[in-house]
Every structure is written in C-alpha cells, then in structure tokens.
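Pasted below: input_26.tsv, TSV, N, CA and C atoms.
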chain	number	residue	atom	x	y	z
A	11	SER	N	53.66	11.60	4.37
A	11	SER	CA	53.28	11.31	3.00
A	11	SER	C	52.05	12.15	2.65
A	12	PRO	N	51.84	12.42	1.39
A	12	PRO	CA	50.67	13.21	0.98
A	12	PRO	C	49.34	12.56	1.37
A	13	VAL	N	49.26	11.22	1.28
A	13	VAL	CA	48.01	10.53	1.64
A	13	VAL	C	47.73	10.72	3.13
A	14	ALA	N	48.76	10.56	3.96
A	14	ALA	CA	48.58	10.73	5.40
A	14	ALA	C	48.18	12.17	5.73
A	15	GLN	N	48.80	13.14	5.06
A	15	GLN	CA	48.46	14.55	5.30
A	15	GLN	C	47.00	14.82	4.93
A	16	GLN	N	46.58	14.27	3.79
A	16	GLN	CA	45.19	14.47	3.36
A	16	GLN	C	44.23	13.83	4.36
A	17	TRP	N	44.53	12.62	4.79
A	17	TRP	CA	43.67	11.89	5.72
A	17	TRP	C	43.61	12.62	7.05
A	18	LEU	N	44.77	13.05	7.58
A	18	LEU	CA	44.78	13.78	8.85
A	18	LEU	C	44.04	15.11	8.72
A	19	GLY	N	44.19	15.78	7.58
A	19	GLY	CA	43.47	17.03	7.34
A	19	GLY	C	41.96	16.81	7.43
A	20	ARG	N	41.47	15.73	6.82
A	20	ARG	CA	40.05	15.41	6.88
A	20	ARG	C	39.61	15.11	8.31
A	21	LEU	N	40.47	14.38	9.04
A	21	LEU	CA	40.15	14.02	10.41
A	21	LEU	C	40.03	15.27	11.28
A	22	PHE	N	41.02	16.18	11.19
A	22	PHE	CA	40.97	17.40	12.00
A	22	PHE	C	39.81	18.30	11.57
A	23	SER	N	39.55	18.36	10.28
A	23	SER	CA	38.43	19.15	9.79
A	23	SER	C	37.13	18.62	10.34
A	24	GLN	N	36.97	17.32	10.34
A	24	GLN	CA	35.76	16.69	10.85
A	24	GLN	C	35.63	16.94	12.35
A	25	ALA	N	36.75	16.86	13.08
A	25	ALA	CA	36.71	17.08	14.54
A	25	ALA	C	36.29	18.52	14.84
A	26	ARG	N	36.81	19.48	14.07
A	26	ARG	CA	36.45	20.89	14.30
A	26	ARG	C	34.99	21.15	14.00
A	27	SER	N	34.44	20.46	13.01
A	27	SER	CA	33.05	20.70	12.61
A	27	SER	C	32.06	19.95	13.49
A	28	GLY	N	32.56	19.05	14.34
A	28	GLY	CA	31.67	18.31	15.23
A	28	GLY	C	31.03	17.10	14.59
A	29	GLU	N	31.45	16.75	13.36
A	29	GLU	CA	30.89	15.56	12.72
A	29	GLU	C	31.38	14.32	13.45
A	30	SER	N	30.60	13.25	13.33
A	30	SER	CA	31.02	11.99	13.95
A	30	SER	C	31.86	11.19	12.98
A	31	TRP	N	32.57	10.23	13.53
A	31	TRP	CA	33.41	9.35	12.72
A	31	TRP	C	32.53	8.55	11.76
A	32	ASP	N	32.95	8.46	10.52
A	32	ASP	CA	32.19	7.75	9.50
A	32	ASP	C	32.97	6.50	9.10
A	33	ASP	N	32.39	5.33	9.34
A	33	ASP	CA	33.07	4.07	9.02
A	33	ASP	C	33.28	3.88	7.53
A	34	ASP	N	32.60	4.68	6.69
A	34	ASP	CA	32.77	4.55	5.25
A	34	ASP	C	33.95	5.35	4.73
A	35	TRP	N	34.63	6.05	5.61
A	35	TRP	CA	35.81	6.80	5.19
A	35	TRP	C	36.81	5.88	4.53
A	36	GLU	N	37.49	6.38	3.55
A	36	GLU	CA	38.55	5.60	2.93
A	36	GLU	C	39.80	5.73	3.81
A	37	LEU	N	40.30	4.59	4.27
A	37	LEU	CA	41.49	4.60	5.12
A	37	LEU	C	42.75	4.73	4.27
A	38	PRO	N	43.83	5.21	4.86
A	38	PRO	CA	45.10	5.25	4.13
A	38	PRO	C	45.50	3.84	3.72
A	39	HIS	N	46.36	3.74	2.73
A	39	HIS	CA	46.82	2.45	2.23
A	39	HIS	C	47.32	1.59	3.38
A	40	PHE	N	46.92	0.33	3.41
A	40	PHE	CA	47.33	-0.62	4.43
A	40	PHE	C	48.32	-1.57	3.81
A	41	ASP	N	49.52	-1.62	4.34
A	41	ASP	CA	50.54	-2.54	3.85
A	41	ASP	C	50.32	-3.89	4.52
A	42	PRO	N	49.90	-4.92	3.78
A	42	PRO	CA	49.62	-6.20	4.41
A	42	PRO	C	50.85	-6.89	4.96
A	43	ALA	N	52.03	-6.52	4.48
A	43	ALA	CA	53.25	-7.10	5.02
A	43	ALA	C	53.65	-6.31	6.26
A	44	PRO	N	53.77	-6.98	7.40
A	44	PRO	CA	54.10	-6.26	8.63
A	44	PRO	C	55.44	-5.54	8.54
A	45	VAL	N	55.52	-4.44	9.25
A	45	VAL	CA	56.75	-3.68	9.32
A	45	VAL	C	57.64	-4.34	10.35
A	46	ALA	N	58.85	-4.68	9.95
A	46	ALA	CA	59.80	-5.25	10.90
A	46	ALA	C	60.40	-4.10	11.69
A	47	SER	N	59.99	-3.95	12.93
A	47	SER	CA	60.42	-2.81	13.72
A	47	SER	C	61.64	-3.12	14.57
A	48	SER	N	62.11	-4.34	14.53
A	48	SER	CA	63.34	-4.68	15.25
A	48	SER	C	63.84	-6.02	14.74
A	49	ALA	N	65.04	-6.33	15.13
A	49	ALA	CA	65.60	-7.62	14.74
A	49	ALA	C	64.81	-8.73	15.41
A	50	ARG	N	64.67	-9.81	14.69
A	50	ARG	CA	63.94	-10.96	15.24
A	50	ARG	C	64.89	-11.73	16.14
A	51	VAL	N	64.57	-11.74	17.41
A	51	VAL	CA	65.39	-12.46	18.36
A	51	VAL	C	64.47	-13.31	19.22
A	52	GLU	N	64.49	-14.61	18.96
A	52	GLU	CA	63.66	-15.51	19.76
A	52	GLU	C	64.38	-15.86	21.04
A	53	LEU	N	63.62	-15.89	22.12
A	53	LEU	CA	64.18	-16.24	23.42
A	53	LEU	C	64.36	-17.75	23.51
A	54	ASP	N	65.46	-18.18	24.12
A	54	ASP	CA	65.68	-19.59	24.40
A	54	ASP	C	65.18	-19.83	25.82
A	55	LEU	N	63.99	-20.40	25.93
A	55	LEU	CA	63.30	-20.43	27.22
A	55	LEU	C	63.22	-21.80	27.88
A	56	GLY	N	63.54	-22.85	27.20
A	56	GLY	CA	63.29	-24.17	27.76
A	56	GLY	C	61.88	-24.60	27.40
A	57	THR	N	61.39	-25.60	28.10
A	57	THR	CA	60.07	-26.14	27.76
A	57	THR	C	58.96	-25.42	28.51
A	58	GLU	N	57.75	-25.57	27.99
A	58	GLU	CA	56.59	-24.99	28.65
A	58	GLU	C	56.40	-25.62	30.03
A	59	GLU	N	56.66	-26.91	30.13
A	59	GLU	CA	56.53	-27.61	31.42
A	59	GLU	C	57.47	-27.01	32.47
A	60	GLN	N	58.72	-26.72	32.08
A	60	GLN	CA	59.67	-26.11	33.01
A	60	GLN	C	59.20	-24.73	33.45
A	61	LEU	N	58.71	-23.94	32.50
A	61	LEU	CA	58.24	-22.60	32.83
A	61	LEU	C	57.01	-22.65	33.74
A	62	ARG	N	56.09	-23.55	33.43
A	62	ARG	CA	54.90	-23.69	34.28
A	62	ARG	C	55.30	-24.10	35.70
A	63	GLY	N	56.31	-24.96	35.81
A	63	GLY	CA	56.79	-25.40	37.12
A	63	GLY	C	57.40	-24.27	37.93
A	64	ALA	N	57.99	-23.29	37.26
A	64	ALA	CA	58.61	-22.16	37.95
A	64	ALA	C	57.61	-21.04	38.26
A	65	TRP	N	56.45	-21.07	37.60
A	65	TRP	CA	55.44	-20.03	37.79
A	65	TRP	C	54.70	-20.28	39.09
A	66	VAL	N	54.72	-19.31	40.01
A	66	VAL	CA	54.14	-19.52	41.34
A	66	VAL	C	52.68	-19.08	41.43
A	67	TYR	N	52.16	-18.50	40.36
A	67	TYR	CA	50.78	-18.01	40.38
A	67	TYR	C	49.86	-19.03	39.70
A	68	ASP	N	48.60	-18.69	39.56
A	68	ASP	CA	47.62	-19.63	39.02
A	68	ASP	C	47.79	-19.87	37.52
A	69	THR	N	47.14	-20.93	37.06
A	69	THR	CA	47.23	-21.34	35.66
A	69	THR	C	46.72	-20.28	34.71
A	70	ASP	N	45.63	-19.61	35.08
A	70	ASP	CA	45.07	-18.58	34.20
A	70	ASP	C	46.06	-17.45	33.95
A	71	SER	N	46.80	-17.05	34.97
A	71	SER	CA	47.75	-15.95	34.77
A	71	SER	C	48.93	-16.38	33.90
A	72	PHE	N	49.24	-17.67	33.88
A	72	PHE	CA	50.32	-18.17	33.01
A	72	PHE	C	49.96	-18.01	31.55
A	73	ASN	N	48.66	-17.97	31.25
A	73	ASN	CA	48.20	-17.84	29.87
A	73	ASN	C	48.66	-16.55	29.21
A	74	ALA	N	49.10	-15.57	29.99
A	74	ALA	CA	49.63	-14.33	29.42
A	74	ALA	C	50.88	-14.59	28.59
A	75	PHE	N	51.54	-15.72	28.82
A	75	PHE	CA	52.75	-16.07	28.07
A	75	PHE	C	52.44	-16.83	26.79
A	76	LEU	N	51.17	-17.18	26.59
A	76	LEU	CA	50.77	-17.98	25.43
A	76	LEU	C	50.23	-17.09	24.32
A	77	CYS	N	50.65	-17.35	23.10
A	77	CYS	CA	50.14	-16.61	21.94
A	77	CYS	C	48.67	-16.96	21.73
A	78	PRO	N	47.81	-15.96	21.58
A	78	PRO	CA	46.39	-16.26	21.37
A	78	PRO	C	46.09	-16.93	20.02
A	79	ILE	N	47.05	-16.93	19.12
A	79	ILE	CA	46.86	-17.60	17.82
A	79	ILE	C	47.33	-19.05	17.90
A	80	THR	N	48.56	-19.27	18.38
A	80	THR	CA	49.15	-20.61	18.40
A	80	THR	C	48.90	-21.37	19.70
A	81	HIS	N	48.63	-20.64	20.77
A	81	HIS	CA	48.46	-21.20	22.12
A	81	HIS	C	49.76	-21.83	22.63
A	82	ASP	N	50.89	-21.39	22.09
A	82	ASP	CA	52.21	-21.82	22.53
A	82	ASP	C	52.90	-20.67	23.25
A	83	ILE	N	53.94	-20.98	24.02
A	83	ILE	CA	54.73	-19.95	24.68
A	83	ILE	C	55.30	-19.02	23.62
A	84	MET	N	55.20	-17.72	23.86
A	84	MET	CA	55.75	-16.75	22.92
A	84	MET	C	57.26	-16.63	23.15
A	85	ARG	N	58.02	-16.76	22.08
A	85	ARG	CA	59.47	-16.64	22.16
A	85	ARG	C	59.96	-15.35	21.51
A	86	ASP	N	59.08	-14.70	20.76
A	86	ASP	CA	59.36	-13.39	20.16
A	86	ASP	C	58.06	-12.59	20.21
A	87	PRO	N	57.65	-12.17	21.43
A	87	PRO	CA	56.36	-11.48	21.58
A	87	PRO	C	56.39	-10.06	21.02
A	88	VAL	N	55.35	-9.74	20.26
A	88	VAL	CA	55.22	-8.40	19.68
A	88	VAL	C	53.80	-7.89	19.92
A	89	VAL	N	53.69	-6.57	20.01
A	89	VAL	CA	52.39	-5.93	20.18
A	89	VAL	C	51.92	-5.46	18.81
A	90	CYS	N	50.66	-5.74	18.51
A	90	CYS	CA	50.04	-5.37	17.25
A	90	CYS	C	49.19	-4.11	17.46
A	91	ALA	N	48.65	-3.57	16.39
A	91	ALA	CA	47.84	-2.35	16.45
A	91	ALA	C	46.61	-2.48	17.34
A	92	ASP	N	46.16	-3.70	17.60
A	92	ASP	CA	44.99	-3.90	18.46
A	92	ASP	C	45.35	-3.87	19.95
A	93	GLY	N	46.66	-3.73	20.25
A	93	GLY	CA	47.10	-3.67	21.63
A	93	GLY	C	47.37	-5.03	22.25
A	94	HIS	N	47.10	-6.10	21.53
A	94	HIS	CA	47.33	-7.45	22.04
A	94	HIS	C	48.72	-7.92	21.64
A	95	THR	N	49.24	-8.88	22.40
A	95	THR	CA	50.56	-9.44	22.15
A	95	THR	C	50.43	-10.80	21.49
A	96	TYR	N	51.29	-11.03	20.49
A	96	TYR	CA	51.28	-12.28	19.72
A	96	TYR	C	52.72	-12.74	19.49
A	97	GLU	N	52.86	-14.00	19.15
A	97	GLU	CA	54.15	-14.49	18.66
A	97	GLU	C	54.36	-13.86	17.28
A	98	ARG	N	55.55	-13.30	17.06
A	98	ARG	CA	55.80	-12.54	15.82
A	98	ARG	C	55.45	-13.33	14.57
A	99	SER	N	55.95	-14.56	14.45
A	99	SER	CA	55.71	-15.32	13.22
A	99	SER	C	54.22	-15.60	13.02
A	100	ALA	N	53.48	-15.81	14.09
A	100	ALA	CA	52.04	-16.10	13.98
A	100	ALA	C	51.26	-14.88	13.50
A	101	ILE	N	51.54	-13.71	14.06
A	101	ILE	CA	50.78	-12.51	13.66
A	101	ILE	C	51.22	-12.05	12.27
A	102	GLU	N	52.49	-12.24	11.92
A	102	GLU	CA	52.91	-11.90	10.55
A	102	GLU	C	52.16	-12.76	9.54
A	103	HIS	N	52.05	-14.04	9.84
A	103	HIS	CA	51.31	-14.94	8.95
A	103	HIS	C	49.84	-14.52	8.88
A	104	TRP	N	49.26	-14.19	10.02
A	104	TRP	CA	47.85	-13.73	10.07
A	104	TRP	C	47.67	-12.49	9.20
A	105	LEU	N	48.58	-11.52	9.34
A	105	LEU	CA	48.44	-10.25	8.62
A	105	LEU	C	48.64	-10.39	7.11
A	106	GLN	N	49.24	-11.47	6.68
A	106	GLN	CA	49.34	-11.72	5.24
A	106	GLN	C	47.99	-12.11	4.66
A	107	ARG	N	47.09	-12.63	5.51
A	107	ARG	CA	45.78	-13.10	5.07
A	107	ARG	C	44.63	-12.19	5.46
A	108	SER	N	44.82	-11.39	6.50
A	108	SER	CA	43.70	-10.62	7.02
A	108	SER	C	44.14	-9.26	7.52
A	109	ARG	N	43.24	-8.31	7.43
A	109	ARG	CA	43.48	-6.96	7.94
A	109	ARG	C	42.79	-6.77	9.29
A	110	LYS	N	42.10	-7.81	9.76
A	110	LYS	CA	41.36	-7.72	11.01
A	110	LYS	C	42.16	-8.32	12.17
A	111	SER	N	41.90	-7.81	13.36
A	111	SER	CA	42.53	-8.31	14.58
A	111	SER	C	42.04	-9.72	14.86
A	112	PRO	N	42.95	-10.65	15.18
A	112	PRO	CA	42.51	-11.99	15.54
A	112	PRO	C	41.77	-12.03	16.88
A	113	MET	N	41.97	-11.02	17.72
A	113	MET	CA	41.33	-10.98	19.04
A	113	MET	C	40.00	-10.23	19.02
A	114	THR	N	39.94	-9.11	18.33
A	114	THR	CA	38.73	-8.27	18.38
A	114	THR	C	37.88	-8.36	17.12
A	115	GLY	N	38.48	-8.78	16.02
A	115	GLY	CA	37.75	-8.81	14.75
A	115	GLY	C	37.64	-7.46	14.08
A	116	GLN	N	38.18	-6.42	14.71
A	116	GLN	CA	38.11	-5.08	14.14
A	116	GLN	C	39.25	-4.87	13.15
A	117	ILE	N	39.03	-3.96	12.19
A	117	ILE	CA	40.06	-3.65	11.20
A	117	ILE	C	41.23	-2.96	11.88
A	118	LEU	N	42.44	-3.42	11.57
A	118	LEU	CA	43.65	-2.83	12.13
A	118	LEU	C	44.03	-1.58	11.34
A	119	ARG	N	44.41	-0.53	12.02
A	119	ARG	CA	44.77	0.74	11.39
A	119	ARG	C	46.13	0.69	10.72
A	120	HIS	N	47.01	-0.21	11.19
A	120	HIS	CA	48.34	-0.35	10.58
A	120	HIS	C	48.86	-1.75	10.87
A	121	SER	N	49.95	-2.10	10.24
A	121	SER	CA	50.50	-3.45	10.40
A	121	SER	C	51.84	-3.46	11.14
A	122	ALA	N	52.20	-2.34	11.73
A	122	ALA	CA	53.47	-2.28	12.47
A	122	ALA	C	53.41	-3.17	13.70
A	123	LEU	N	54.52	-3.84	13.98
A	123	LEU	CA	54.64	-4.70	15.15
A	123	LEU	C	55.78	-4.16	16.02
A	124	PHE	N	55.57	-4.18	17.33
A	124	PHE	CA	56.57	-3.66	18.24
A	124	PHE	C	56.89	-4.71	19.29
A	125	PRO	N	58.18	-4.92	19.57
A	125	PRO	CA	58.55	-5.92	20.59
A	125	PRO	C	57.90	-5.59	21.93
A	126	ASN	N	57.40	-6.60	22.60
A	126	ASN	CA	56.84	-6.43	23.94
A	126	ASN	C	57.98	-6.69	24.92
A	127	GLN	N	58.72	-5.65	25.23
A	127	GLN	CA	59.92	-5.79	26.07
A	127	GLN	C	59.57	-6.24	27.48
A	128	ALA	N	58.48	-5.77	28.03
A	128	ALA	CA	58.11	-6.17	29.39
A	128	ALA	C	57.87	-7.68	29.46
A	129	LEU	N	57.15	-8.21	28.48
A	129	LEU	CA	56.88	-9.65	28.46
A	129	LEU	C	58.16	-10.43	28.19
A	130	ARG	N	59.01	-9.93	27.31
A	130	ARG	CA	60.30	-10.59	27.04
A	130	ARG	C	61.13	-10.68	28.32
A	131	ASN	N	61.16	-9.58	29.07
A	131	ASN	CA	61.94	-9.56	30.31
A	131	ASN	C	61.37	-10.54	31.33
A	132	LEU	N	60.05	-10.57	31.44
A	132	LEU	CA	59.42	-11.48	32.38
A	132	LEU	C	59.67	-12.94	31.99
A	133	LEU	N	59.57	-13.24	30.71
A	133	LEU	CA	59.85	-14.60	30.23
A	133	LEU	C	61.30	-15.00	30.49
A	134	THR	N	62.21	-14.06	30.29
A	134	THR	CA	63.63	-14.33	30.54
A	134	THR	C	63.87	-14.63	32.02
A	135	MET	N	63.26	-13.82	32.90
A	135	MET	CA	63.41	-14.06	34.34
A	135	MET	C	62.80	-15.41	34.73
A	136	LEU	N	61.63	-15.73	34.20
A	136	LEU	CA	60.98	-17.01	34.50
A	136	LEU	C	61.84	-18.17	34.01
A	137	SER	N	62.43	-18.03	32.85
A	137	SER	CA	63.30	-19.07	32.30
A	137	SER	C	64.53	-19.27	33.19
A	138	THR	N	65.08	-18.19	33.72
A	138	THR	CA	66.24	-18.27	34.61
A	138	THR	C	65.86	-19.02	35.88
A	139	ILE	N	64.70	-18.72	36.45
A	139	ILE	CA	64.23	-19.42	37.64
A	139	ILE	C	64.05	-20.90	37.34
A	140	ALA	N	63.43	-21.21	36.19
A	140	ALA	CA	63.19	-22.60	35.81
A	140	ALA	C	64.52	-23.34	35.63
A	141	THR	N	65.49	-22.69	35.03
A	141	THR	CA	66.81	-23.31	34.81
A	141	THR	C	67.51	-23.56	36.14
A	142	ASP	N	67.43	-22.58	37.04
A	142	ASP	CA	68.05	-22.73	38.37
A	142	ASP	C	67.40	-23.88	39.14
A	143	ARG	N	66.08	-24.00	39.07
A	143	ARG	CA	65.38	-25.09	39.75
A	143	ARG	C	65.78	-26.42	39.17
A	144	SER	N	65.89	-26.48	37.86
A	144	SER	CA	66.27	-27.71	37.19
A	144	SER	C	67.68	-28.14	37.60
A	145	ALA	N	68.58	-27.17	37.70
A	145	ALA	CA	69.96	-27.46	38.11
A	145	ALA	C	70.00	-27.94	39.56
A	146	ASP	N	69.16	-27.33	40.41
A	146	ASP	CA	69.12	-27.72	41.82
A	146	ASP	C	68.62	-29.15	42.01
A	147	THR	N	67.65	-29.57	41.20
A	147	THR	CA	67.11	-30.92	41.33
A	147	THR	C	68.07	-31.98	40.82
A	148	LYS	N	69.00	-31.59	39.96
A	148	LYS	CA	69.98	-32.54	39.42
A	148	LYS	C	71.14	-32.77	40.38
A	149	LYS	N	71.27	-31.89	41.37
A	149	LYS	CA	72.39	-32.02	42.32
A	149	LYS	C	72.16	-33.11	43.32

Now, as a test, write the supplied structure out as structure tokens.
Amino acid sequence: SPVAQQWLGRLFSQARSGESWDDDWELPHFDPAPVASSARVELDLGTEEQLRGAWVYDTDSFNAFLCPITHDIMRDPVVCADGHTYERSAIEHWLQRSRKSPMTGQILRHSALFPNQALRNLLTMLSTIATDRSADTKK
C-alpha cells in the first residue's frame, strides 16, 4: 500500500542516516478489528482437571496452557504481535478496546493473529493422554 511504502521509506532513510527511532513517528493505520488469519477451530479438550491430571510436570509449567487474559485453558490459541499466546476470542475482544499488549502494555504494531500450532498440538496430545487415562480408570 502507499502508506506502507511511505512508512518503510522513512524507516530505511532514517536507518541509513543513523538517526534513532522516534516514538513520535506516525504509525501506519491500525485496524482495531483483528485479522482472521485462519478458520476458528476450537479444540475439544475435556476439563481442566482432566488435563492437569495428565500433565506430569509442575503446576507452573501447566500455566502455559492458560490464557493470560481469561486464565482458562486455551481452546483456540493464537499468537499476537507482542509474541504472546492468547485465547482467540479473548484477544479479539481486547483488541476491540485497546491497541496495547495485555502482557507488556506496549503499543501493538498490527492486529494480525496467527494460530499457535505448536501449542494446539501439545494440547491435543495432552487431551488424548487424559482421555486414555479416564477410559482406563473406568475399566
């Protein structure tokens, strides 16, 4: 887009001249509505109690599965511009109200969200283990 070209031109020009980054720069237009970068597919994981029971590591490491906004298990984890992972619906709602990161408080450069496939895969595997354990205890 012309705005992006102009902004990038200023950035490269500034880098060549040795100037430092100026926080007063006008940023490109920020779309407050998040970009849907993939189909919304929530994982069917069972309960948090079942997942915690299948997790063999400490409680603190289990917190990686919890959304920092809702503090619930993420069923549709996405990565935001700040590099942190959130439940899609929670960060979309956040981005409708704020342009700042809920984790760092810094202004986000864009509103695109990307599925966190690694976390989705890990949650799916953990759910499978929890389901298998649950089936074994019923026998």

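When all atoms listed in the file are used to compute distances to Leu61 (chain A), the closest of the residues A:Arg143, A:Ser99, A:Met113, A:Ser137 turns out to be A:Ser137.
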
Quiz item: So which residues touch region 64-74 of chain A within 9 Å, counting only C-alpha atoms, skipping near sequence neighbours fewer than 5 positions away, as a ChimeraX atom specification?
Solution: /A:59,81,83,95,129,136-137,139-141,143

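CA of Pro78 (chain A) to CA of Val51 (chain A) spans 19.6 Å [interatomic distance, one decimal].
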
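Atom pair atom N of Phe124 (chain A) / atom C of Gly63 (chain A): separated by 28.8 Å.
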
Exercise. Go ahead and compute the interatomic distance for atom N of Arg62 (chain A) and atom N of Leu123 (chain A), in Å to one decimal.
Key: 27.7 Å

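Minimum atom-to-atom distance to Leu133 (chain A), evaluated using only N, CA and C atoms, belongs to A:Phe75 out of A:Phe75, A:Leu118, A:Pro112, A:Gly93.
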
Self-check item: Residues flagged helix (DSSP H, G or I) by DSSP in region 42-145 of chain A, as a ChimeraX atom specification
Solution: /A:58-64,69-75,98-107,127-145

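Distance annotation: of A:Gln60, A:Thr134, A:Asp142, A:Ile101, the residue with the minimal separation from Thr80 (chain A) is A:Ile101; atom set is only C-alpha atoms.
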